[in-house]
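**Student:** See coords_30.pdb below, with PDB, C-alpha atoms.
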ATOM      1  CA  MET M 270      37.931 -27.756   3.337
ATOM      2  CA  SER M 271      37.176 -31.189   4.863
ATOM      3  CA  ASP M 272      33.428 -30.603   4.305
ATOM      4  CA  LEU M 273      34.128 -30.032   0.632
ATOM      5  CA  ILE M 274      36.111 -33.269   0.429
ATOM      6  CA  LEU M 275      33.334 -35.117   2.265
ATOM      7  CA  ASN M 276      30.702 -33.762  -0.132
ATOM      8  CA  ILE M 277      32.822 -34.671  -3.150
ATOM      9  CA  GLY M 278      33.331 -38.184  -1.737
ATOM     10  CA  ASN M 279      29.595 -38.572  -1.173
ATOM     11  CA  ALA M 280      28.883 -37.388  -4.711
ATOM     12  CA  VAL M 281      31.345 -39.922  -6.098
ATOM     13  CA  VAL M 282      29.826 -42.706  -3.997
ATOM     14  CA  HIS M 283      26.343 -41.665  -5.109
ATOM     15  CA  ARG M 284      27.351 -41.794  -8.800
ATOM     16  CA  TYR M 285      28.812 -45.281  -8.410
ATOM     17  CA  VAL M 286      25.759 -46.499  -6.483
ATOM     18  CA  LYS M 287      23.321 -45.061  -8.993
ATOM     19  CA  SER M 288      25.224 -46.525 -11.952
ATOM     20  CA  LEU M 289      25.380 -49.954 -10.345
ATOM     21  CA  TYR M 290      21.677 -49.824  -9.559
ATOM     22  CA  GLU M 291      20.866 -48.894 -13.173
ATOM     23  CA  VAL M 292      22.839 -51.938 -14.349
ATOM     24  CA  SER M 293      20.841 -54.118 -11.933
ATOM     25  CA  LEU M 294      17.598 -52.738 -13.381
ATOM     26  CA  THR M 295      18.736 -53.303 -16.952
ATOM     27  CA  MET M 296      19.679 -56.901 -16.143
ATOM     28  CA  LYS M 297      16.547 -57.436 -14.002
ATOM     29  CA  CYS M 298      18.577 -58.717 -11.075
ATOM     30  CA  GLU M 299      18.141 -56.087  -8.369
ATOM     31  CA  LYS M 300      17.879 -58.582  -5.510
ATOM     32  CA  LYS M 301      20.921 -60.528  -6.721
ATOM     33  CA  PHE M 302      23.012 -57.344  -6.870
ATOM     34  CA  LEU M 303      21.803 -56.252  -3.437
ATOM     35  CA  ASN M 304      22.724 -59.631  -1.924
ATOM     36  CA  GLN M 305      26.132 -59.616  -3.581
ATOM     37  CA  ILE M 306      26.876 -56.056  -2.445
ATOM     38  CA  LYS M 307      25.826 -57.071   1.090
ATOM     39  CA  ASN M 308      28.206 -60.064   0.889
ATOM     40  CA  ILE M 309      31.039 -57.792  -0.248
ATOM     41  CA  GLY M 310      30.344 -55.467   2.693
ATOM     42  CA  ASP M 311      30.427 -58.449   5.072
ATOM     43  CA  PHE M 312      33.686 -59.668   3.508
ATOM     44  CA  ILE M 313      35.311 -56.243   3.879
ATOM     45  CA  ASN M 314      34.039 -55.818   7.460
ATOM     46  CA  LYS M 315      35.698 -59.093   8.471
ATOM     47  CA  LEU M 316      39.116 -57.862   7.332
ATOM     48  CA  GLU M 317      41.384 -56.658  10.050
ATOM     49  CA  ASP M 318      42.480 -53.067   9.326
ATOM     50  CA  SER M 319      40.272 -52.971   6.220
ATOM     51  CA  GLU M 320      40.708 -49.226   5.669
ATOM     52  CA  LYS M 321      44.504 -49.534   5.252
ATOM     53  CA  ILE M 322      44.156 -52.643   3.100
ATOM     54  CA  LEU M 323      41.696 -50.988   0.722
ATOM     55  CA  LYS M 324      43.847 -47.861   0.375
ATOM     56  CA  ARG M 325      46.909 -49.983  -0.323
ATOM     57  CA  LEU M 326      45.027 -52.022  -2.913
ATOM     58  CA  SER M 327      43.925 -48.815  -4.647
ATOM     59  CA  LEU M 328      47.568 -47.832  -5.029
ATOM     60  CA  LEU M 329      48.950 -51.258  -5.945
ATOM     61  CA  SER M 330      46.758 -52.307  -8.851
ATOM     62  CA  ARG M 331      48.283 -55.768  -9.312
ATOM     63  CA  ASN M 332      47.606 -56.735  -5.693
ATOM     64  CA  GLY M 333      44.170 -55.137  -5.982
ATOM     65  CA  PHE M 334      43.191 -57.226  -8.981
ATOM     66  CA  ASP M 335      44.374 -60.396  -7.216
ATOM     67  CA  PHE M 336      42.269 -59.403  -4.183
ATOM     68  CA  VAL M 337      39.219 -58.717  -6.374
ATOM     69  CA  GLN M 338      39.635 -62.083  -8.078
ATOM     70  CA  LYS M 339      39.771 -63.742  -4.655
ATOM     71  CA  MET M 340      36.529 -61.965  -3.687
ATOM     72  CA  ILE M 341      34.864 -62.951  -6.959
ATOM     73  CA  ASN M 342      35.771 -66.596  -6.413
ATOM     74  CA  GLU M 343      34.981 -66.780  -2.678
ATOM     75  CA  LEU M 344      31.692 -64.900  -2.911
ATOM     76  CA  SER M 345      30.622 -66.285  -6.314
ATOM     77  CA  LEU M 346      30.098 -62.760  -7.605
ATOM     78  CA  SER M 347      28.490 -62.070 -10.952
ATOM     79  CA  ARG M 348      30.631 -60.876 -13.854
ATOM     80  CA  GLU M 349      29.027 -57.434 -13.631
ATOM     81  CA  ILE M 350      29.811 -56.995  -9.939
ATOM     82  CA  GLY M 351      33.358 -58.236 -10.573
ATOM     83  CA  ASN M 352      33.747 -55.695 -13.370
ATOM     84  CA  PHE M 353      32.402 -52.996 -11.067
ATOM     85  CA  LEU M 354      35.053 -53.855  -8.452
ATOM     86  CA  LYS M 355      37.764 -53.772 -11.138
ATOM     87  CA  LEU M 356      36.491 -50.378 -12.275
ATOM     88  CA  LEU M 357      36.806 -49.061  -8.723
ATOM     89  CA  LEU M 358      40.402 -50.291  -8.670
ATOM     90  CA  LYS M 359      41.207 -48.821 -12.064
ATOM     91  CA  ASN M 360      39.784 -45.452 -11.002
ATOM     92  CA  LYS M 361      41.723 -45.576  -7.695
ATOM     93  CA  ARG M 362      38.454 -45.495  -5.722
ATOM     94  CA  PHE M 363      38.640 -48.930  -4.086
ATOM     95  CA  GLU M 364      38.850 -47.433  -0.588
ATOM     96  CA  LEU M 365      35.264 -46.180  -1.120
ATOM     97  CA  LEU M 366      33.983 -49.768  -1.299
ATOM     98  CA  PRO M 367      32.619 -49.998   2.291
ATOM     99  CA  GLU M 368      30.817 -46.665   1.881
ATOM    100  CA  ILE M 369      29.455 -47.788  -1.504
ATOM    101  CA  CYS M 370      28.124 -51.018   0.023
ATOM    102  CA  VAL M 371      26.247 -49.130   2.747
ATOM    103  CA  ALA M 372      25.012 -46.451   0.337
ATOM    104  CA  TYR M 373      23.798 -49.100  -2.120
ATOM    105  CA  GLY M 374      21.622 -50.712   0.546
ATOM    106  CA  ASN M 375      20.267 -47.318   1.617
ATOM    107  CA  PHE M 376      19.603 -46.347  -1.999
ATOM    108  CA  THR M 377      17.663 -49.524  -2.772
ATOM    109  CA  ASP M 378      15.685 -49.063   0.448
ATOM    110  CA  SER M 379      14.763 -45.525  -0.557
ATOM    111  CA  ILE M 380      13.701 -46.702  -4.019
ATOM    112  CA  HIS M 381      11.611 -49.608  -2.767
ATOM    113  CA  GLY M 382      10.621 -48.196   0.602
ATOM    114  CA  LYS M 383      11.670 -51.493   2.159
ATOM    115  CA  LYS M 384      14.178 -52.157   4.910
ATOM    116  CA  THR M 385      15.881 -55.547   4.717
ATOM    117  CA  PHE M 386      17.123 -57.190   7.913
ATOM    118  CA  TYR M 387      19.273 -60.324   7.852
ATOM    119  CA  ILE M 388      18.755 -62.411  10.974
ATOM    120  CA  THR M 389      21.151 -65.236  11.754
ATOM    121  CA  TYR M 390      19.937 -67.460  14.557
ATOM    122  CA  ALA M 391      20.944 -70.501  16.595
ATOM    123  CA  LYS M 392      19.254 -73.855  16.044
ATOM    124  CA  ASN M 393      16.969 -73.454  19.083
ATOM    125  CA  PHE M 394      15.339 -70.293  17.659
ATOM    126  CA  ASP M 395      11.696 -71.334  17.156
ATOM    127  CA  LYS M 396       8.757 -69.881  15.189
ATOM    128  CA  LYS M 397       7.432 -67.969  18.195
ATOM    129  CA  MET M 398      10.797 -66.290  18.726
ATOM    130  CA  LYS M 399      10.910 -65.326  15.040
ATOM    131  CA  LYS M 400       7.410 -63.876  15.252
ATOM    132  CA  ASP M 401       8.241 -61.935  18.442
ATOM    133  CA  LEU M 402      11.400 -60.527  16.869
ATOM    134  CA  GLU M 403       9.493 -59.542  13.730
ATOM    135  CA  GLU M 404       6.837 -57.735  15.800
ATOM    136  CA  LYS M 405       9.511 -55.949  17.838
ATOM    137  CA  LEU M 406      11.311 -54.724  14.712
ATOM    138  CA  LYS M 407       8.016 -53.557  13.195
ATOM    139  CA  SER M 408       7.275 -51.591  16.358
ATOM    140  CA  ILE M 409      10.656 -49.853  16.123
ATOM    141  CA  PHE M 410      10.979 -49.241  12.362
ATOM    142  CA  THR M 411       8.437 -47.651  10.058
ATOM    143  CA  GLY M 412       7.719 -48.725   6.518
ATOM    144  CA  ASP M 413       7.904 -52.073   4.822
ATOM    145  CA  LEU M 414      10.293 -54.547   6.443
ATOM    146  CA  GLU M 415      11.781 -57.670   4.928
ATOM    147  CA  LEU M 416      13.292 -60.174   7.334
ATOM    148  CA  ILE M 417      15.581 -62.829   5.919
ATOM    149  CA  PHE M 418      16.220 -65.612   8.425
ATOM    150  CA  ASN M 419      19.219 -67.915   8.243
ATOM    151  CA  ALA M 420      20.185 -70.658  10.723
ATOM    152  CA  ASP M 421      23.818 -70.904  11.848
ATOM    153  CA  ASN M 422      24.845 -74.019  13.760
ATOM    154  CA  ALA M 423      28.017 -72.237  14.942
ATOM    155  CA  LEU M 424      25.900 -70.033  17.205
ATOM    156  CA  ILE M 425      25.393 -71.555  20.637
ATOM    157  CA  ASP M 426      22.283 -69.542  21.430
ATOM    158  CA  GLY M 427      20.707 -66.219  20.458
ATOM    159  CA  PHE M 428      20.778 -64.318  17.180
ATOM    160  CA  LYS M 429      22.390 -61.531  15.147
ATOM    161  CA  ILE M 430      20.550 -58.816  13.259
ATOM    162  CA  GLN M 431      22.213 -57.097  10.313
ATOM    163  CA  TYR M 432      20.892 -54.000   8.591
ATOM    164  CA  HIS M 433      23.338 -52.856   5.893
ATOM    165  CA  SER M 434      26.719 -52.705   7.626
ATOM    166  CA  LYS M 435      25.326 -52.485  11.176
ATOM    167  CA  VAL M 436      25.255 -55.713  13.202
ATOM    168  CA  LEU M 437      23.534 -56.222  16.540
ATOM    169  CA  ASP M 438      24.952 -59.388  18.049
ATOM    170  CA  TYR M 439      22.779 -61.050  20.686
ATOM    171  CA  SER M 440      24.450 -64.435  20.394
ATOM    172  CA  MET M 441      25.786 -66.395  23.333
ATOM    173  CA  LYS M 442      29.190 -66.545  21.652
ATOM    174  CA  SER M 443      29.357 -62.744  21.579
ATOM    175  CA  LYS M 444      28.294 -62.500  25.218
ATOM    176  CA  LEU M 445      30.965 -65.020  26.269
ATOM    177  CA  VAL M 446      33.672 -63.144  24.350
ATOM    178  CA  ARG M 447      32.663 -59.830  25.972
ATOM    179  CA  LEU M 448      32.591 -61.480  29.396
ATOM    180  CA  GLY M 449      36.058 -62.979  28.858
ATOM    181  CA  ASN M 450      37.403 -59.601  27.740
ATOM    182  CA  ALA M 451      35.852 -57.890  30.754
ATOM    183  CA  ILE M 452      37.341 -60.457  33.143
ATOM    184  CA  ARG M 453      40.798 -59.930  31.609
ATOM    185  CA  GLY M 454      40.274 -56.170  31.806
ATOM    186  CA  ASP M 455      40.557 -55.707  28.022
ATOM    187  CA  ILE M 456      37.384 -53.683  27.840
ATOM    188  CA  TYR M 457      35.189 -51.897  30.286
ATOM    189  CA  GLU M 458      31.539 -52.449  29.506
ATOM    190  CA  TYR M 459      28.848 -51.640  32.018
TER     191      TYR M 459
END
Can you dump the structure from the file as structure tokens?
**Tutor:**
Amino acid sequence: MSDLILNIGNAVVHRYVKSLYEVSLTMKCEKKFLNQIKNIGDFINKLEDSEKILKRLSLLSRNGFDFVQKMINELSLSREIGNFLKLLLKNKRFELLPEICVAYGNFTDSIHGKKTFYITYAKNFDKKMKKDLEEKLKSIFTGDLELIFNADNALIDGFKIQYHSKVLDYSMKSKLVRLGNAIRGDIYEY
């Protein structure tokens, strides 16, 4: 029974993704939509207990619409993406949003044959380091890669790589947090 529910959920996600992509084609703003969907995924991932929040918002429409309006304003989302989020709320499918964000990135990759990596780096990350990282990623992944670099002064040292909803954090800040947690005994990482 759970497999059936999973397949139905995937079919629903696929329909939403495909419809949203068709709107992006019609409006000739594929890259803009992809960036905004990525930003929504980032926003959702930063929420503590996001799964419960999204389910609750699906049930409480008024709170959901306030939340969507907050996202629209904070992320400067287009009217079309905002309407899409409101449609998810209206259809009581808002809890599918994280899965839709990931599936949208995968779908656009499959259409274009391109994998987009977002790399956030500290100020001391030079051209040689960028080139080395690019070569390393190309040796690991097949197909056409797009690397979008963005400096972040909040990072002490290192970098983060994001591919859809997956984040590999090689920043000094992350290492210090893990070390502090390990010293306190909060986590056991070897």
**Student:** Taking the point (35.2, -47.4, -7.5) as given in the file, collect each protein or nucleic acid residue that comes within 12 Å of it, counting all atoms listed in the file, and present the set as a ChimeraX atom specification.
**Tutor:** /M:278,281-286,288-289,323-324,326-327,333,350-370
**Student:** Would you write out those residues with C-alpha atoms, as a JSON list (two decimals), keeping the file's coordinate frame?
**Tutor:**
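Done, and the output landed in part_7.json:
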[["chain", "number", "residue", "atom", "x", "y", "z"],
["M", 278, "GLY", "CA", 33.33, -38.18, -1.74],
["M", 281, "VAL", "CA", 31.34, -39.92, -6.10],
["M", 282, "VAL", "CA", 29.83, -42.71, -4.00],
["M", 283, "HIS", "CA", 26.34, -41.66, -5.11],
["M", 284, "ARG", "CA", 27.35, -41.79, -8.80],
["M", 285, "TYR", "CA", 28.81, -45.28, -8.41],
["M", 286, "VAL", "CA", 25.76, -46.50, -6.48],
["M", 288, "SER", "CA", 25.22, -46.52, -11.95],
["M", 289, "LEU", "CA", 25.38, -49.95, -10.34],
["M", 323, "LEU", "CA", 41.70, -50.99, 0.72],
["M", 324, "LYS", "CA", 43.85, -47.86, 0.38],
["M", 326, "LEU", "CA", 45.03, -52.02, -2.91],
["M", 327, "SER", "CA", 43.92, -48.82, -4.65],
["M", 333, "GLY", "CA", 44.17, -55.14, -5.98],
["M", 350, "ILE", "CA", 29.81, -57.00, -9.94],
["M", 351, "GLY", "CA", 33.36, -58.24, -10.57],
["M", 352, "ASN", "CA", 33.75, -55.70, -13.37],
["M", 353, "PHE", "CA", 32.40, -53.00, -11.07],
["M", 354, "LEU", "CA", 35.05, -53.86, -8.45],
["M", 355, "LYS", "CA", 37.76, -53.77, -11.14],
["M", 356, "LEU", "CA", 36.49, -50.38, -12.28],
["M", 357, "LEU", "CA", 36.81, -49.06, -8.72],
["M", 358, "LEU", "CA", 40.40, -50.29, -8.67],
["M", 359, "LYS", "CA", 41.21, -48.82, -12.06],
["M", 360, "ASN", "CA", 39.78, -45.45, -11.00],
["M", 361, "LYS", "CA", 41.72, -45.58, -7.70],
["M", 362, "ARG", "CA", 38.45, -45.50, -5.72],
["M", 363, "PHE", "CA", 38.64, -48.93, -4.09],
["M", 364, "GLU", "CA", 38.85, -47.43, -0.59],
["M", 365, "LEU", "CA", 35.26, -46.18, -1.12],
["M", 366, "LEU", "CA", 33.98, -49.77, -1.30],
["M", 367, "PRO", "CA", 32.62, -50.00, 2.29],
["M", 368, "GLU", "CA", 30.82, -46.66, 1.88],
["M", 369, "ILE", "CA", 29.46, -47.79, -1.50],
["M", 370, "CYS", "CA", 28.12, -51.02, 0.02]]
**Student:** Select, from M:Leu416, M:Ala372, M:Ala423, M:Leu346, the residue with the minimum atom-to-atom distance to M:Ile388, counting all atoms listed in the file.
**Tutor:** M:Leu416
**Student:** Could you tell me, as a VMD selection string, which residues have any atom at most 7 Å from (18.5, -70.4, 11.3), counting all atoms listed in the file?
**Tutor:** chain M and resid 389 to 392 418 to 421
**Student:** Tell me, in Å to one decimal, how far atom CA of M:Asn314 is from atom CA of M:Asn332.
**Tutor:**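 Between atom CA of M:Asn314 and atom CA of M:Asn332 the gap works out to 18.9 Å.
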**Student:** Would you compute the distance between atom CA of M:Ile409 and atom CA of M:Gly310? Give it in Å to one decimal.
**Tutor:**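 The value is 24.5 Å.
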**Student:** Hey, can you check how far atom CA of M:Ser345 sits from atom CA of M:Asp311?
**Tutor:**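 Distance between the two atoms: 13.8 Å.
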**Student:** Which residues are close to M:Ser440, i.e. within 7 Å by all atoms listed in the file, leaving aside same-chain residues fewer than 2 positions away? Reply as an MDAnalysis selection string.
**Tutor:** chainID M and resid 424 426:429 438 442:444
**Student:** Here is a test: counting all atoms listed in the file, which residue of M:Phe302, M:Phe312, M:Ser293, M:Thr385 is nearest to M:Val337?
**Tutor:**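 When distances to M:Val337 are compared using all atoms listed in the file, the smallest one comes from M:Phe312.
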**Student:** The PyMOL selection byres ((chain M and resi 410) around 12) on the file shown: which residues, as a list in words?
**Tutor:**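 Checked against the file, the PyMOL selection byres ((chain M and resi 410) around 12) matches Gly382, Lys383, Lys384, Thr385, Phe386, Glu403, Glu404, Lys405, Leu406, Lys407, Ser408, Ile409, Thr411, Gly412, Asp413, Leu414, Glu415 and Tyr432 of chain M.
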**Student:** Name the residues in contact with M:Leu303 at a cut-off of 8 Å, using all atoms listed in the file, excluding same-chain residues fewer than 3 positions from it; report them as a PyMOL selection string.
**Tutor:** chain M and resi 299-300+306-307+373-374+377
**Student:** Could you save those same residues with C-alpha atoms as a compact mmCIF listing (two decimals), in the coordinates of the input?
**Tutor:**
# COMPACT_ATOMS: atom_id res chain seq x y z
CA GLU M 299 18.14 -56.09 -8.37
CA LYS M 300 17.88 -58.58 -5.51
CA ILE M 306 26.88 -56.06 -2.44
CA LYS M 307 25.83 -57.07 1.09
CA TYR M 373 23.80 -49.10 -2.12
CA GLY M 374 21.62 -50.71 0.55
CA THR M 377 17.66 -49.52 -2.77
**Student:** Taking all atoms listed in the file into account, name the residue in M:Leu437, M:Ile322, M:Leu328, M:Ile309 that is nearest to M:Met340.
**Tutor:** M:Ile309
**Student:** Output file request: stretch 388-401 of chain M, with all heavy atoms, as a PDB file, in the first residue's frame.
**Tutor:**
ATOM      1  N   ILE M 388      28.289  27.144  -5.969  1.00  0.00           N
ATOM      2  CA  ILE M 388      29.441  27.100  -5.080  1.00  0.00           C
ATOM      3  C   ILE M 388      29.557  28.434  -4.368  1.00  0.00           C
ATOM      4  O   ILE M 388      29.689  29.476  -5.005  1.00  0.00           O
ATOM      5  CB  ILE M 388      30.740  26.773  -5.856  1.00  0.00           C
ATOM      6  CG1 ILE M 388      30.648  25.344  -6.395  1.00  0.00           C
ATOM      7  CG2 ILE M 388      31.951  26.865  -4.949  1.00  0.00           C
ATOM      8  CD1 ILE M 388      30.835  25.214  -7.815  1.00  0.00           C
ATOM      9  N   THR M 389      29.466  28.378  -3.045  1.00  0.00           N
ATOM     10  CA  THR M 389      29.638  29.560  -2.210  1.00  0.00           C
ATOM     11  C   THR M 389      31.004  29.437  -1.560  1.00  0.00           C
ATOM     12  O   THR M 389      31.323  28.404  -0.980  1.00  0.00           O
ATOM     13  CB  THR M 389      28.535  29.618  -1.132  1.00  0.00           C
ATOM     14  OG1 THR M 389      27.263  29.504  -1.764  1.00  0.00           O
ATOM     15  CG2 THR M 389      28.602  30.913  -0.356  1.00  0.00           C
ATOM     16  N   TYR M 390      31.806  30.481  -1.675  1.00  0.00           N
ATOM     17  CA  TYR M 390      33.191  30.380  -1.219  1.00  0.00           C
ATOM     18  C   TYR M 390      33.587  31.579  -0.367  1.00  0.00           C
ATOM     19  O   TYR M 390      32.981  32.650  -0.431  1.00  0.00           O
ATOM     20  CB  TYR M 390      34.140  30.252  -2.413  1.00  0.00           C
ATOM     21  CG  TYR M 390      34.059  31.391  -3.395  1.00  0.00           C
ATOM     22  CD1 TYR M 390      34.872  32.516  -3.260  1.00  0.00           C
ATOM     23  CD2 TYR M 390      33.168  31.356  -4.465  1.00  0.00           C
ATOM     24  CE1 TYR M 390      34.793  33.565  -4.150  1.00  0.00           C
ATOM     25  CE2 TYR M 390      33.087  32.394  -5.358  1.00  0.00           C
ATOM     26  CZ  TYR M 390      33.899  33.503  -5.201  1.00  0.00           C
ATOM     27  OH  TYR M 390      33.814  34.550  -6.088  1.00  0.00           O
ATOM     28  N   ALA M 391      34.634  31.368   0.435  1.00  0.00           N
ATOM     29  CA  ALA M 391      35.190  32.427   1.277  1.00  0.00           C
ATOM     30  C   ALA M 391      36.014  33.379   0.413  1.00  0.00           C
ATOM     31  O   ALA M 391      36.394  33.051  -0.713  1.00  0.00           O
ATOM     32  CB  ALA M 391      36.058  31.822   2.376  1.00  0.00           C
ATOM     33  N   LYS M 392      36.322  34.541   0.976  1.00  0.00           N
ATOM     34  CA  LYS M 392      37.009  35.577   0.192  1.00  0.00           C
ATOM     35  C   LYS M 392      38.398  35.179  -0.275  1.00  0.00           C
ATOM     36  O   LYS M 392      38.895  35.695  -1.254  1.00  0.00           O
ATOM     37  CB  LYS M 392      37.058  36.887   0.973  1.00  0.00           C
ATOM     38  CG  LYS M 392      37.763  36.780   2.306  1.00  0.00           C
ATOM     39  CD  LYS M 392      37.658  38.076   3.077  1.00  0.00           C
ATOM     40  CE  LYS M 392      38.170  37.859   4.481  1.00  0.00           C
ATOM     41  NZ  LYS M 392      37.829  38.938   5.354  1.00  0.00           N
ATOM     42  N   ASN M 393      39.037  34.206   0.385  1.00  0.00           N
ATOM     43  CA  ASN M 393      40.398  33.817  -0.009  1.00  0.00           C
ATOM     44  C   ASN M 393      40.405  32.712  -1.077  1.00  0.00           C
ATOM     45  O   ASN M 393      41.449  32.164  -1.376  1.00  0.00           O
ATOM     46  CB  ASN M 393      41.199  33.375   1.217  1.00  0.00           C
ATOM     47  CG  ASN M 393      40.651  32.106   1.838  1.00  0.00           C
ATOM     48  OD1 ASN M 393      39.542  31.697   1.550  1.00  0.00           O
ATOM     49  ND2 ASN M 393      41.426  31.509   2.718  1.00  0.00           N
ATOM     50  N   PHE M 394      39.287  32.411  -1.661  1.00  0.00           N
ATOM     51  CA  PHE M 394      39.164  31.368  -2.682  1.00  0.00           C
ATOM     52  C   PHE M 394      39.597  31.977  -4.016  1.00  0.00           C
ATOM     53  O   PHE M 394      38.905  32.790  -4.610  1.00  0.00           O
ATOM     54  CB  PHE M 394      37.696  30.921  -2.736  1.00  0.00           C
ATOM     55  CG  PHE M 394      37.482  29.547  -3.282  1.00  0.00           C
ATOM     56  CD1 PHE M 394      37.796  28.434  -2.536  1.00  0.00           C
ATOM     57  CD2 PHE M 394      36.939  29.364  -4.537  1.00  0.00           C
ATOM     58  CE1 PHE M 394      37.571  27.157  -3.017  1.00  0.00           C
ATOM     59  CE2 PHE M 394      36.716  28.097  -5.038  1.00  0.00           C
ATOM     60  CZ  PHE M 394      37.028  26.997  -4.270  1.00  0.00           C
ATOM     61  N   ASP M 395      40.763  31.586  -4.527  1.00  0.00           N
ATOM     62  CA  ASP M 395      41.313  32.229  -5.723  1.00  0.00           C
ATOM     63  C   ASP M 395      40.942  31.484  -7.014  1.00  0.00           C
ATOM     64  O   ASP M 395      40.276  30.452  -6.988  1.00  0.00           O
ATOM     65  CB  ASP M 395      42.831  32.390  -5.605  1.00  0.00           C
ATOM     66  CG  ASP M 395      43.564  31.059  -5.462  1.00  0.00           C
ATOM     67  OD1 ASP M 395      42.999  30.016  -5.826  1.00  0.00           O
ATOM     68  OD2 ASP M 395      44.717  31.076  -4.997  1.00  0.00           O
ATOM     69  N   LYS M 396      41.405  32.027  -8.148  1.00  0.00           N
ATOM     70  CA  LYS M 396      41.078  31.452  -9.459  1.00  0.00           C
ATOM     71  C   LYS M 396      41.585  30.024  -9.604  1.00  0.00           C
ATOM     72  O   LYS M 396      40.914  29.173 -10.189  1.00  0.00           O
ATOM     73  CB  LYS M 396      41.644  32.321 -10.576  1.00  0.00           C
ATOM     74  CG  LYS M 396      40.920  33.613 -10.747  1.00  0.00           C
ATOM     75  CD  LYS M 396      41.497  34.424 -11.897  1.00  0.00           C
ATOM     76  CE  LYS M 396      40.767  35.751 -12.016  1.00  0.00           C
ATOM     77  NZ  LYS M 396      41.270  36.552 -13.116  1.00  0.00           N
ATOM     78  N   LYS M 397      42.771  29.754  -9.079  1.00  0.00           N
ATOM     79  CA  LYS M 397      43.327  28.402  -9.170  1.00  0.00           C
ATOM     80  C   LYS M 397      42.463  27.405  -8.406  1.00  0.00           C
ATOM     81  O   LYS M 397      42.199  26.300  -8.877  1.00  0.00           O
ATOM     82  CB  LYS M 397      44.768  28.365  -8.647  1.00  0.00           C
ATOM     83  CG  LYS M 397      45.406  26.974  -8.805  1.00  0.00           C
ATOM     84  CD  LYS M 397      46.777  26.901  -8.176  1.00  0.00           C
ATOM     85  CE  LYS M 397      47.439  25.561  -8.290  1.00  0.00           C
ATOM     86  NZ  LYS M 397      46.645  24.384  -8.213  1.00  0.00           N
ATOM     87  N   MET M 398      41.994  27.801  -7.233  1.00  0.00           N
ATOM     88  CA  MET M 398      41.127  26.924  -6.450  1.00  0.00           C
ATOM     89  C   MET M 398      39.815  26.655  -7.190  1.00  0.00           C
ATOM     90  O   MET M 398      39.316  25.528  -7.186  1.00  0.00           O
ATOM     91  CB  MET M 398      40.852  27.533  -5.071  1.00  0.00           C
ATOM     92  CG  MET M 398      42.088  27.662  -4.204  1.00  0.00           C
ATOM     93  SD  MET M 398      41.723  28.696  -2.776  1.00  0.00           S
ATOM     94  CE  MET M 398      42.043  27.541  -1.474  1.00  0.00           C
ATOM     95  N   LYS M 399      39.269  27.688  -7.823  1.00  0.00           N
ATOM     96  CA  LYS M 399      38.041  27.520  -8.606  1.00  0.00           C
ATOM     97  C   LYS M 399      38.270  26.533  -9.743  1.00  0.00           C
ATOM     98  O   LYS M 399      37.455  25.637  -9.977  1.00  0.00           O
ATOM     99  CB  LYS M 399      37.573  28.863  -9.186  1.00  0.00           C
ATOM    100  CG  LYS M 399      36.959  29.790  -8.193  1.00  0.00           C
ATOM    101  CD  LYS M 399      36.505  31.066  -8.876  1.00  0.00           C
ATOM    102  CE  LYS M 399      36.016  32.086  -7.887  1.00  0.00           C
ATOM    103  NZ  LYS M 399      35.611  33.337  -8.544  1.00  0.00           N
ATOM    104  N   LYS M 400      39.381  26.708 -10.435  1.00  0.00           N
ATOM    105  CA  LYS M 400      39.711  25.833 -11.566  1.00  0.00           C
ATOM    106  C   LYS M 400      39.899  24.386 -11.094  1.00  0.00           C
ATOM    107  O   LYS M 400      39.398  23.449 -11.728  1.00  0.00           O
ATOM    108  CB  LYS M 400      40.986  26.348 -12.259  1.00  0.00           C
ATOM    109  CG  LYS M 400      41.359  25.604 -13.500  1.00  0.00           C
ATOM    110  CD  LYS M 400      40.389  25.899 -14.627  1.00  0.00           C
ATOM    111  CE  LYS M 400      40.876  25.244 -15.904  1.00  0.00           C
ATOM    112  NZ  LYS M 400      39.840  25.155 -16.896  1.00  0.00           N
ATOM    113  N   ASP M 401      40.614  24.197  -9.986  1.00  0.00           N
ATOM    114  CA  ASP M 401      40.823  22.854  -9.438  1.00  0.00           C
ATOM    115  C   ASP M 401      39.497  22.201  -9.050  1.00  0.00           C
ATOM    116  O   ASP M 401      39.275  21.013  -9.324  1.00  0.00           O
ATOM    117  CB  ASP M 401      41.746  22.899  -8.214  1.00  0.00           C
ATOM    118  CG  ASP M 401      43.182  23.239  -8.570  1.00  0.00           C
ATOM    119  OD1 ASP M 401      43.541  23.172  -9.769  1.00  0.00           O
ATOM    120  OD2 ASP M 401      43.948  23.589  -7.645  1.00  0.00           O
TER     121      ASP M 401
END
